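What's in final.cif: mmCIF, C-alpha atoms (C1' of nucleotides)
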data_protein
loop_
_atom_site.label_atom_id
_atom_site.label_comp_id
_atom_site.auth_asym_id
_atom_site.auth_seq_id
_atom_site.Cartn_x
_atom_site.Cartn_y
_atom_site.Cartn_z
CA MET A 1 10.70 -8.76 -8.92
CA ARG A 2 8.67 -5.60 -9.24
CA LEU A 3 5.33 -5.60 -7.46
CA SER A 4 2.82 -3.04 -8.70
CA ASN A 5 -0.39 -4.31 -7.17
CA PRO A 6 -1.84 -7.00 -4.91
CA ARG A 7 -2.10 -9.36 -7.84
CA ASP A 8 1.64 -9.15 -8.42
CA VAL A 9 2.19 -9.78 -4.73
CA GLY A 10 -0.05 -12.81 -4.66
CA TYR A 11 1.39 -14.42 -7.74
CA TYR A 12 4.91 -13.78 -6.56
CA VAL A 13 4.14 -15.30 -3.16
CA ARG A 14 2.75 -18.38 -4.90
CA ASP A 15 5.76 -18.68 -7.17
CA GLN A 16 8.19 -18.37 -4.30
CA ARG A 17 6.24 -20.78 -2.13
CA ARG A 18 6.37 -23.39 -4.86
CA GLU A 19 10.05 -22.74 -5.52
CA GLN A 20 10.66 -23.33 -1.85
CA GLY A 21 8.71 -26.58 -2.01
CA MET A 22 6.03 -25.51 0.43
CA THR A 23 2.30 -26.18 0.42
CA GLN A 24 -0.16 -23.51 1.45
CA SER A 25 -0.53 -25.44 4.72
CA ASP A 26 3.20 -25.24 5.36
CA LEU A 27 3.36 -21.55 4.62
CA CYS A 28 0.23 -20.50 6.50
CA ALA A 29 1.55 -22.31 9.58
CA ALA A 30 4.93 -20.64 9.24
CA ALA A 31 3.34 -17.24 8.72
CA GLU A 32 0.62 -17.78 11.33
CA VAL A 33 -2.24 -16.87 9.00
CA SER A 34 -5.22 -18.92 7.92
CA ARG A 35 -4.88 -21.12 4.89
CA ARG A 36 -8.14 -19.63 3.61
CA TRP A 37 -6.60 -16.18 3.65
CA LEU A 38 -3.36 -17.33 2.10
CA SER A 39 -5.26 -18.88 -0.78
CA ASP A 40 -7.02 -15.57 -1.35
CA LEU A 41 -3.77 -13.63 -1.08
CA GLU A 42 -2.15 -15.79 -3.72
CA SER A 43 -5.08 -15.07 -5.99
CA GLY A 44 -4.44 -11.36 -5.70
CA LYS A 45 -6.70 -10.26 -2.87
CA GLN A 46 -6.96 -6.44 -2.98
CA THR A 47 -8.11 -6.06 0.62
CA ALA A 48 -5.55 -8.15 2.42
CA GLU A 49 -4.16 -6.75 5.65
CA ILE A 50 -0.65 -5.48 5.09
CA GLY A 51 0.64 -6.70 8.44
CA LEU A 52 -0.29 -10.25 7.48
CA VAL A 53 1.28 -9.82 4.07
CA PHE A 54 4.56 -9.01 5.75
CA LYS A 55 4.27 -12.12 7.93
CA VAL A 56 4.01 -14.21 4.80
CA LEU A 57 6.89 -12.44 3.15
CA HIS A 58 9.06 -13.03 6.19
CA ALA A 59 8.08 -16.69 6.31
CA LEU A 60 9.28 -16.91 2.71
CA ARG A 61 12.40 -14.96 3.59
CA LEU A 62 11.52 -12.22 1.14
CA THR A 63 12.32 -8.56 1.49
CA LEU A 64 10.54 -5.56 0.08
CA VAL A 65 12.44 -2.56 -1.16
CA ALA A 66 10.83 0.71 -2.18
CA ASN A 67 12.33 2.90 -4.83
CA PRO A 68 11.27 5.89 -6.86
CA THR A 69 9.71 4.61 -10.03
CA THR A 70 12.12 4.93 -12.92
CA TYR A 71 12.00 3.75 -16.48
CA GLY A 72 15.16 2.59 -18.10
CA PRO A 73 17.74 -0.17 -18.27
CA ASP A 74 17.86 -0.39 -14.50
CA ASP A 75 14.31 -1.66 -14.59
CA LEU A 76 15.24 -4.61 -16.71
CA ASP A 77 15.39 -7.80 -14.70
CA LEU A 78 17.12 -10.09 -17.12
CA ASP A 79 15.98 -13.34 -15.53
CA GLU A 80 12.44 -12.07 -15.48
CA TYR A 81 12.71 -10.96 -19.08
CA LEU A 82 14.03 -14.28 -20.27
CA ARG A 83 11.42 -16.14 -18.27
CA ARG A 84 8.71 -14.13 -19.98
CA PHE A 85 10.29 -14.83 -23.33
CA ASP A 86 10.44 -18.55 -22.70
CA HIS A 87 6.85 -18.50 -21.54
CA ASN A 88 5.73 -16.80 -24.74
CA ASP A 89 7.57 -19.37 -26.83
CA ALA A 90 5.85 -22.16 -24.95
CA GLY A 91 2.55 -20.42 -25.59
CA ASP A 92 3.24 -20.22 -29.31
CA ALA A 93 4.15 -23.88 -29.42
CA ASP A 94 0.79 -24.75 -27.86
CA HIS A 95 -1.10 -22.69 -30.36
CA ALA A 96 0.81 -23.91 -33.36
CA MET B 97 14.68 1.69 1.18
CA ARG B 98 14.02 -1.66 2.82
CA LEU B 99 10.53 -2.13 4.21
CA SER B 100 10.17 -4.88 6.79
CA ASN B 101 6.81 -4.07 8.33
CA PRO B 102 3.86 -1.66 8.08
CA ARG B 103 5.66 0.78 10.31
CA ASP B 104 8.50 1.04 7.82
CA VAL B 105 5.98 1.53 5.05
CA GLY B 106 4.15 4.27 6.88
CA TYR B 107 7.24 6.20 7.86
CA TYR B 108 8.64 5.91 4.37
CA VAL B 109 5.40 7.15 2.86
CA ARG B 110 5.47 10.13 5.20
CA ASP B 111 9.08 10.89 4.38
CA GLN B 112 8.49 10.70 0.67
CA ARG B 113 5.31 12.75 0.87
CA ARG B 114 7.18 15.51 2.66
CA GLU B 115 10.10 15.31 0.25
CA GLN B 116 7.64 15.79 -2.56
CA GLY B 117 6.15 18.80 -0.82
CA MET B 118 2.71 17.31 -0.39
CA THR B 119 0.26 17.55 2.48
CA GLN B 120 -1.79 14.58 3.57
CA SER B 121 -4.74 16.26 1.86
CA ASP B 122 -2.84 16.44 -1.42
CA LEU B 123 -1.75 12.84 -1.26
CA CYS B 124 -5.04 11.33 -0.13
CA ALA B 125 -6.76 13.10 -3.02
CA ALA B 126 -4.16 11.86 -5.49
CA ALA B 127 -4.40 8.34 -4.14
CA GLU B 128 -8.19 8.41 -3.68
CA VAL B 129 -8.12 7.32 -0.06
CA SER B 130 -9.43 9.05 3.05
CA ARG B 131 -7.13 11.45 4.85
CA ARG B 132 -8.09 9.72 8.08
CA TRP B 133 -6.74 6.45 6.72
CA LEU B 134 -3.61 8.02 5.30
CA SER B 135 -2.79 9.49 8.68
CA ASP B 136 -3.10 6.04 10.22
CA LEU B 137 -1.03 4.47 7.45
CA GLU B 138 1.77 6.95 8.02
CA SER B 139 1.75 6.01 11.69
CA GLY B 140 2.32 2.38 10.82
CA LYS B 141 -1.17 0.89 10.67
CA GLN B 142 -0.84 -2.92 10.71
CA THR B 143 -4.27 -3.59 9.25
CA ALA B 144 -4.26 -1.32 6.25
CA GLU B 145 -5.67 -2.71 3.02
CA ILE B 146 -2.85 -3.55 0.65
CA GLY B 147 -4.71 -2.37 -2.44
CA LEU B 148 -4.97 1.08 -0.92
CA VAL B 149 -1.32 1.02 0.07
CA PHE B 150 -0.42 0.49 -3.54
CA LYS B 151 -2.60 3.42 -4.58
CA VAL B 152 -0.64 5.64 -2.25
CA LEU B 153 2.68 4.28 -3.47
CA HIS B 154 1.66 4.95 -7.05
CA ALA B 155 0.52 8.47 -6.20
CA LEU B 156 4.01 9.02 -4.77
CA ARG B 157 5.58 7.39 -7.82
CA LEU B 158 7.17 4.69 -5.72
CA THR B 159 7.82 1.13 -6.74
CA LEU B 160 8.09 -1.97 -4.63
CA VAL B 161 10.60 -4.66 -5.44
CA ALA B 162 10.71 -8.04 -3.74
CA ASN B 163 13.94 -9.91 -3.28
CA PRO B 164 15.13 -12.90 -1.35
CA THR B 165 16.45 -11.68 1.96
CA THR B 166 20.21 -11.66 1.91
CA TYR B 167 22.76 -10.32 4.32
CA GLY B 168 25.84 -8.77 2.93
CA PRO B 169 27.32 -5.71 1.26
CA ASP B 170 24.49 -5.66 -1.27
CA ASP B 171 22.12 -4.92 1.55
CA LEU B 172 24.00 -1.85 2.52
CA ASP B 173 22.13 1.24 1.44
CA LEU B 174 24.73 3.88 2.00
CA ASP B 175 22.32 6.80 2.31
CA GLU B 176 20.27 4.80 4.77
CA TYR B 177 23.37 3.82 6.72
CA LEU B 178 24.60 7.38 6.99
CA ARG B 179 21.17 8.59 8.00
CA ARG B 180 21.08 6.01 10.77
CA PHE B 181 24.53 7.09 11.85
CA ASP B 182 23.52 10.73 11.92
CA HIS B 183 20.42 9.82 13.82
CA ASN B 184 22.41 7.93 16.42
CA ASP B 185 24.74 10.89 16.83
CA ALA B 186 21.76 13.16 17.30
CA GLY B 187 20.46 10.68 19.85
CA ASP B 188 23.75 10.70 21.72
CA ALA B 189 23.82 14.46 21.71
CA ASP B 190 20.40 14.46 23.33
CA HIS B 191 21.47 12.06 26.01
CA ALA B 192 24.73 13.76 26.70
"C1'" DG C 193 -7.14 -45.22 -13.87
"C1'" DC C 194 -6.72 -44.87 -8.78
"C1'" DC C 195 -5.58 -42.57 -4.79
"C1'" DA C 196 -3.68 -39.10 -1.87
"C1'" DT C 197 -2.74 -34.48 -1.48
"C1'" DT C 198 -3.42 -29.76 -2.47
"C1'" DT C 199 -6.13 -25.91 -3.54
"C1'" DG C 200 -10.32 -23.05 -4.39
"C1'" DC C 201 -14.17 -21.28 -2.29
"C1'" DG C 202 -19.10 -21.09 0.08
"C1'" DC C 203 -20.57 -20.04 4.62
"C1'" DG C 204 -21.34 -17.93 9.24
"C1'" DC C 205 -19.38 -15.39 13.03
"C1'" DG C 206 -17.24 -11.81 15.78
"C1'" DT C 207 -14.54 -8.07 15.09
"C1'" DA C 208 -13.06 -4.08 12.76
"C1'" DC C 209 -11.92 -1.31 8.62
"C1'" DA C 210 -12.34 2.90 5.45
"C1'" DT C 211 -14.89 6.77 5.42
"C1'" DG C 212 -16.41 11.44 6.63
"C1'" DC C 213 -17.09 14.71 10.17
"C1'" DA C 214 -15.40 17.50 13.69
"C1'" DC C 215 -12.37 19.24 17.08
"C1'" DA C 216 -7.88 19.91 19.53
"C1'" DT C 217 -3.13 20.94 18.99
"C1'" DG C 218 1.23 22.59 17.18
"C1'" DG C 219 3.72 25.37 14.05
"C1'" DA C 220 4.31 29.11 10.74
"C1'" DC C 221 3.44 33.70 9.52
"C1'" DG C 222 2.10 38.62 9.50
"C1'" DC D 223 -1.08 37.98 19.51
"C1'" DG D 224 -4.39 36.27 16.14
"C1'" DT D 225 -5.10 33.59 12.19
"C1'" DC D 226 -4.42 29.92 9.16
"C1'" DC D 227 -2.89 25.46 7.89
"C1'" DA D 228 -1.55 20.71 8.66
"C1'" DT D 229 -2.04 16.79 11.36
"C1'" DG D 230 -3.64 13.59 15.05
"C1'" DT D 231 -7.56 11.35 16.67
"C1'" DG D 232 -12.46 10.44 18.71
"C1'" DC D 233 -16.76 8.94 16.86
"C1'" DA D 234 -20.51 6.64 14.21
"C1'" DT D 235 -21.74 3.99 10.18
"C1'" DG D 236 -22.15 0.58 6.53
"C1'" DT D 237 -19.53 -2.83 4.76
"C1'" DA D 238 -16.42 -6.58 5.01
"C1'" DC D 239 -12.35 -8.97 6.78
"C1'" DG D 240 -9.74 -13.08 8.96
"C1'" DC D 241 -10.87 -17.21 10.69
"C1'" DG D 242 -12.24 -22.09 10.76
"C1'" DC D 243 -15.00 -25.63 8.80
"C1'" DG D 244 -16.07 -28.50 5.14
"C1'" DC D 245 -16.60 -30.04 0.51
"C1'" DA D 246 -15.69 -30.10 -4.47
"C1'" DA D 247 -12.34 -29.64 -7.91
"C1'" DA D 248 -7.69 -29.80 -9.40
"C1'" DT D 249 -3.20 -31.77 -9.31
"C1'" DG D 250 0.46 -35.06 -9.10
"C1'" DG D 251 2.49 -39.59 -8.36
"C1'" DC D 252 2.30 -44.43 -9.27
#
Will you turn the file into structure tokens for me?
Amino acid sequence: MRLSNPRDVGYYVRDQRREQGMTQSDLCAAAEVSRRWLSDLESGKQTAEIGLVFKVLHALRLTLVANPTTYGPDDLDLDEYLRRFDHNDAGDADHA
Amino acid sequence: MRLSNPRDVGYYVRDQRREQGMTQSDLCAAAEVSRRWLSDLESGKQTAEIGLVFKVLHALRLTLVANPTTYGPDDLDLDEYLRRFDHNDAGDADHA
DNA sequence: GCCATTTGCGCGCGTACATGCACATGGACG
DNA sequence: CGTCCATGTGCATGTACGCGCGCAAATGGC
């Protein structure tokens, strides 16, 4: 999952937390941050402290990898792509 | 390049900046952050603002990718491994 | 619908962050 | 050697961050 900005980070953290069946209370305890802050982080807080972000990522057993930005087939995360596709279909169904 | 903590981030940013032939002044201007802050970031500042970190990463044309932490051959970055090996050899040479 | 749980967010507090300035230091170069 | 450049870091300032509390709104299960 590519993360381009704090918003991406926050949404991804929320997704992963839910996938792992955790509440914010569970995760903030595991990461040793305040629930208030975690809520903000998940909403895309621009000014979050990076050290705390890493604590959350570790609590979720997530790893960050940095790479030179490239544009091509390697950038295509198939699961992500299909998920986006399915989401768009669901959106169309709602509007139809 | 795996980034586990702000220290990793800072050192990686410094490495990449140098590889790209930039000074801190060049990079802080490109990223629109203070040079003072960039210097701290490169030293591993725990409390840096994540939004600003992303600005620096973008200025260096770097991308972050988040993955579940796994342990196995996939985690083996060969360049990184060799660099660590070389570094250890250099370390041994110093101590010998 | 009811109820319990979860989440968003206002608020105040003590601490500190990003900034810009300036200076010291180390390294490169002529 | 002297000069220049890049970098580390002390300092002061205005702004705000992480925390904890508490309450309202949202969500999910029955």
Notebook entry, point to check: Selected by the PyMOL selection byres ((chain B) within 7 of (chain A)) in the shown coordinates: which residues, as a PyMOL selection string?
Noted result: chain B and resi 97-102+142-147+150+157-165
Requested write-out: C-alpha atoms of the selected residues, as a PDB file, in the frame of the given file:
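And here is the file that came out, selection.pdb:
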ATOM      1  CA  MET B  97      14.680   1.690   1.180  1.00  0.00           C
ATOM      2  CA  ARG B  98      14.020  -1.660   2.820  1.00  0.00           C
ATOM      3  CA  LEU B  99      10.530  -2.130   4.210  1.00  0.00           C
ATOM      4  CA  SER B 100      10.170  -4.880   6.790  1.00  0.00           C
ATOM      5  CA  ASN B 101       6.810  -4.070   8.330  1.00  0.00           C
ATOM      6  CA  PRO B 102       3.860  -1.660   8.080  1.00  0.00           C
ATOM      7  CA  GLN B 142      -0.840  -2.920  10.710  1.00  0.00           C
ATOM      8  CA  THR B 143      -4.270  -3.590   9.250  1.00  0.00           C
ATOM      9  CA  ALA B 144      -4.260  -1.320   6.250  1.00  0.00           C
ATOM     10  CA  GLU B 145      -5.670  -2.710   3.020  1.00  0.00           C
ATOM     11  CA  ILE B 146      -2.850  -3.550   0.650  1.00  0.00           C
ATOM     12  CA  GLY B 147      -4.710  -2.370  -2.440  1.00  0.00           C
ATOM     13  CA  PHE B 150      -0.420   0.490  -3.540  1.00  0.00           C
ATOM     14  CA  ARG B 157       5.580   7.390  -7.820  1.00  0.00           C
ATOM     15  CA  LEU B 158       7.170   4.690  -5.720  1.00  0.00           C
ATOM     16  CA  THR B 159       7.820   1.130  -6.740  1.00  0.00           C
ATOM     17  CA  LEU B 160       8.090  -1.970  -4.630  1.00  0.00           C
ATOM     18  CA  VAL B 161      10.600  -4.660  -5.440  1.00  0.00           C
ATOM     19  CA  ALA B 162      10.710  -8.040  -3.740  1.00  0.00           C
ATOM     20  CA  ASN B 163      13.940  -9.910  -3.280  1.00  0.00           C
ATOM     21  CA  PRO B 164      15.130 -12.900  -1.350  1.00  0.00           C
ATOM     22  CA  THR B 165      16.450 -11.680   1.960  1.00  0.00           C
TER      23      THR B 165
END
Next item on the list: For the structure shown, which residues end up in the PyMOL selection byres ((chain D) within 9 of (chain B))? Put them as a VMD selection string, please?
Entry: chain D and resid 228 to 231
Next item on the list: Using all atoms listed in the file, select each residue of chain C with any atom at most 10 Å away from an atom of chain B, and give the selection as a list in words.
Entry: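 Applying the cut-off to the listed atoms yields DA208, DC209, DA210, DT211 and DG212 of chain C.
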Notebook entry, point to check: What does the distance between CA of Val56 in chain A and CA of Ala31 in chain A come to in Å, to one decimal place?
Noted result: 5.0 Å
Check: Of the candidates C:DT199, C:DA216, C:DG204, C:DC221, which one gets nearest to DC243 in chain D if we count all atoms listed in the file?
Finding: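 Of C:DT199, C:DA216, C:DG204, C:DC221, the one nearest DC243 in chain D, counting all atoms listed in the file, is C:DG204.
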I'd like the box whose edges run along x, y and z of the file and which contains every listed atom of range 49-68 of chain A, padded by 8 Å per side; could you state its centre and edge lengths in Å, one decimal, as AutoDock Vina command-line options?
--center_x 4.1 --center_y -5.5 --center_z 0.8 --size_x 32.6 --size_y 38.8 --size_z 31.3
Checklist line | Distance of C1' of DT198 in chain C from CA of Glu32 in chain A, expressed in Å to one decimal place | finding: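 One can read the CA of Glu32 in chain A to C1' of DT198 in chain C distance as 18.7 Å.
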Complete the atoms of range 8-30 of chain A to N, CA, C and O atoms and put them out as an mmCIF file, in the frame of the given file.
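File part.cif, as written:
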data_model
loop_
_atom_site.group_PDB
_atom_site.id
_atom_site.type_symbol
_atom_site.label_atom_id
_atom_site.label_comp_id
_atom_site.auth_asym_id
_atom_site.auth_seq_id
_atom_site.Cartn_x
_atom_site.Cartn_y
_atom_site.Cartn_z
ATOM 1 N N ASP A 8 0.210 -8.859 -8.311
ATOM 2 C CA ASP A 8 1.640 -9.150 -8.420
ATOM 3 C C ASP A 8 2.152 -9.818 -7.146
ATOM 4 O O ASP A 8 2.902 -10.795 -7.197
ATOM 5 N N VAL A 9 1.750 -9.243 -6.016
ATOM 6 C CA VAL A 9 2.190 -9.780 -4.730
ATOM 7 C C VAL A 9 1.761 -11.239 -4.587
ATOM 8 O O VAL A 9 2.557 -12.128 -4.262
ATOM 9 N N GLY A 10 0.502 -11.466 -4.833
ATOM 10 C CA GLY A 10 -0.050 -12.810 -4.660
ATOM 11 C C GLY A 10 0.613 -13.835 -5.552
ATOM 12 O O GLY A 10 1.012 -14.915 -5.084
ATOM 13 N N TYR A 11 0.782 -13.470 -6.797
ATOM 14 C CA TYR A 11 1.390 -14.420 -7.740
ATOM 15 C C TYR A 11 2.856 -14.677 -7.373
ATOM 16 O O TYR A 11 3.349 -15.804 -7.486
ATOM 17 N N TYR A 12 3.506 -13.631 -6.942
ATOM 18 C CA TYR A 12 4.910 -13.780 -6.560
ATOM 19 C C TYR A 12 5.033 -14.672 -5.334
ATOM 20 O O TYR A 12 5.907 -15.538 -5.245
ATOM 21 N N VAL A 13 4.144 -14.462 -4.366
ATOM 22 C CA VAL A 13 4.140 -15.300 -3.160
ATOM 23 C C VAL A 13 3.949 -16.774 -3.560
ATOM 24 O O VAL A 13 4.653 -17.667 -3.086
ATOM 25 N N ARG A 14 3.002 -17.000 -4.446
ATOM 26 C CA ARG A 14 2.750 -18.380 -4.900
ATOM 27 C C ARG A 14 3.976 -18.975 -5.593
ATOM 28 O O ARG A 14 4.377 -20.110 -5.293
ATOM 29 N N ASP A 15 4.547 -18.205 -6.472
ATOM 30 C CA ASP A 15 5.760 -18.680 -7.170
ATOM 31 C C ASP A 15 6.846 -19.046 -6.171
ATOM 32 O O ASP A 15 7.458 -20.113 -6.260
ATOM 33 N N GLN A 16 7.120 -18.136 -5.267
ATOM 34 C CA GLN A 16 8.190 -18.370 -4.300
ATOM 35 C C GLN A 16 7.888 -19.549 -3.386
ATOM 36 O O GLN A 16 8.771 -20.322 -3.032
ATOM 37 N N ARG A 17 6.634 -19.662 -2.979
ATOM 38 C CA ARG A 17 6.240 -20.780 -2.130
ATOM 39 C C ARG A 17 6.529 -22.106 -2.841
ATOM 40 O O ARG A 17 7.100 -23.033 -2.252
ATOM 41 N N ARG A 18 6.140 -22.178 -4.090
ATOM 42 C CA ARG A 18 6.370 -23.390 -4.860
ATOM 43 C C ARG A 18 7.866 -23.639 -5.058
ATOM 44 O O ARG A 18 8.323 -24.778 -4.941
ATOM 45 N N GLU A 19 8.593 -22.587 -5.333
ATOM 46 C CA GLU A 19 10.050 -22.740 -5.520
ATOM 47 C C GLU A 19 10.683 -23.267 -4.254
ATOM 48 O O GLU A 19 11.675 -23.998 -4.298
ATOM 49 N N GLN A 20 10.108 -22.877 -3.114
ATOM 50 C CA GLN A 20 10.660 -23.330 -1.850
ATOM 51 C C GLN A 20 10.050 -24.658 -1.395
ATOM 52 O O GLN A 20 10.288 -25.115 -0.288
ATOM 53 N N GLY A 21 9.248 -25.245 -2.279
ATOM 54 C CA GLY A 21 8.710 -26.580 -2.010
ATOM 55 C C GLY A 21 7.729 -26.623 -0.853
ATOM 56 O O GLY A 21 7.653 -27.617 -0.135
ATOM 57 N N MET A 22 6.995 -25.552 -0.672
ATOM 58 C CA MET A 22 6.030 -25.510 0.430
ATOM 59 C C MET A 22 4.607 -25.603 -0.106
ATOM 60 O O MET A 22 4.291 -25.118 -1.189
ATOM 61 N N THR A 23 3.728 -26.222 0.716
ATOM 62 C CA THR A 23 2.300 -26.180 0.420
ATOM 63 C C THR A 23 1.731 -24.947 1.104
ATOM 64 O O THR A 23 2.390 -24.301 1.928
ATOM 65 N N GLN A 24 0.492 -24.623 0.767
ATOM 66 C CA GLN A 24 -0.160 -23.510 1.450
ATOM 67 C C GLN A 24 -0.227 -23.801 2.951
ATOM 68 O O GLN A 24 -0.080 -22.893 3.774
ATOM 69 N N SER A 25 -0.454 -25.080 3.305
ATOM 70 C CA SER A 25 -0.530 -25.440 4.720
ATOM 71 C C SER A 25 0.784 -25.163 5.431
ATOM 72 O O SER A 25 0.800 -24.659 6.549
ATOM 73 N N ASP A 26 1.883 -25.517 4.785
ATOM 74 C CA ASP A 26 3.200 -25.240 5.360
ATOM 75 C C ASP A 26 3.369 -23.753 5.603
ATOM 76 O O ASP A 26 3.730 -23.303 6.693
ATOM 77 N N LEU A 27 3.091 -22.986 4.556
ATOM 78 C CA LEU A 27 3.360 -21.550 4.620
ATOM 79 C C LEU A 27 2.448 -20.825 5.600
ATOM 80 O O LEU A 27 2.894 -19.954 6.353
ATOM 81 N N CYS A 28 1.144 -21.205 5.590
ATOM 82 C CA CYS A 28 0.230 -20.500 6.500
ATOM 83 C C CYS A 28 0.608 -20.768 7.948
ATOM 84 O O CYS A 28 0.466 -19.898 8.809
ATOM 85 N N ALA A 29 1.121 -21.990 8.214
ATOM 86 C CA ALA A 29 1.550 -22.310 9.580
ATOM 87 C C ALA A 29 2.778 -21.468 9.937
ATOM 88 O O ALA A 29 2.872 -20.897 11.022
ATOM 89 N N ALA A 30 3.704 -21.407 8.993
ATOM 90 C CA ALA A 30 4.930 -20.640 9.240
ATOM 91 C C ALA A 30 4.627 -19.149 9.424
ATOM 92 O O ALA A 30 5.268 -18.472 10.229
#
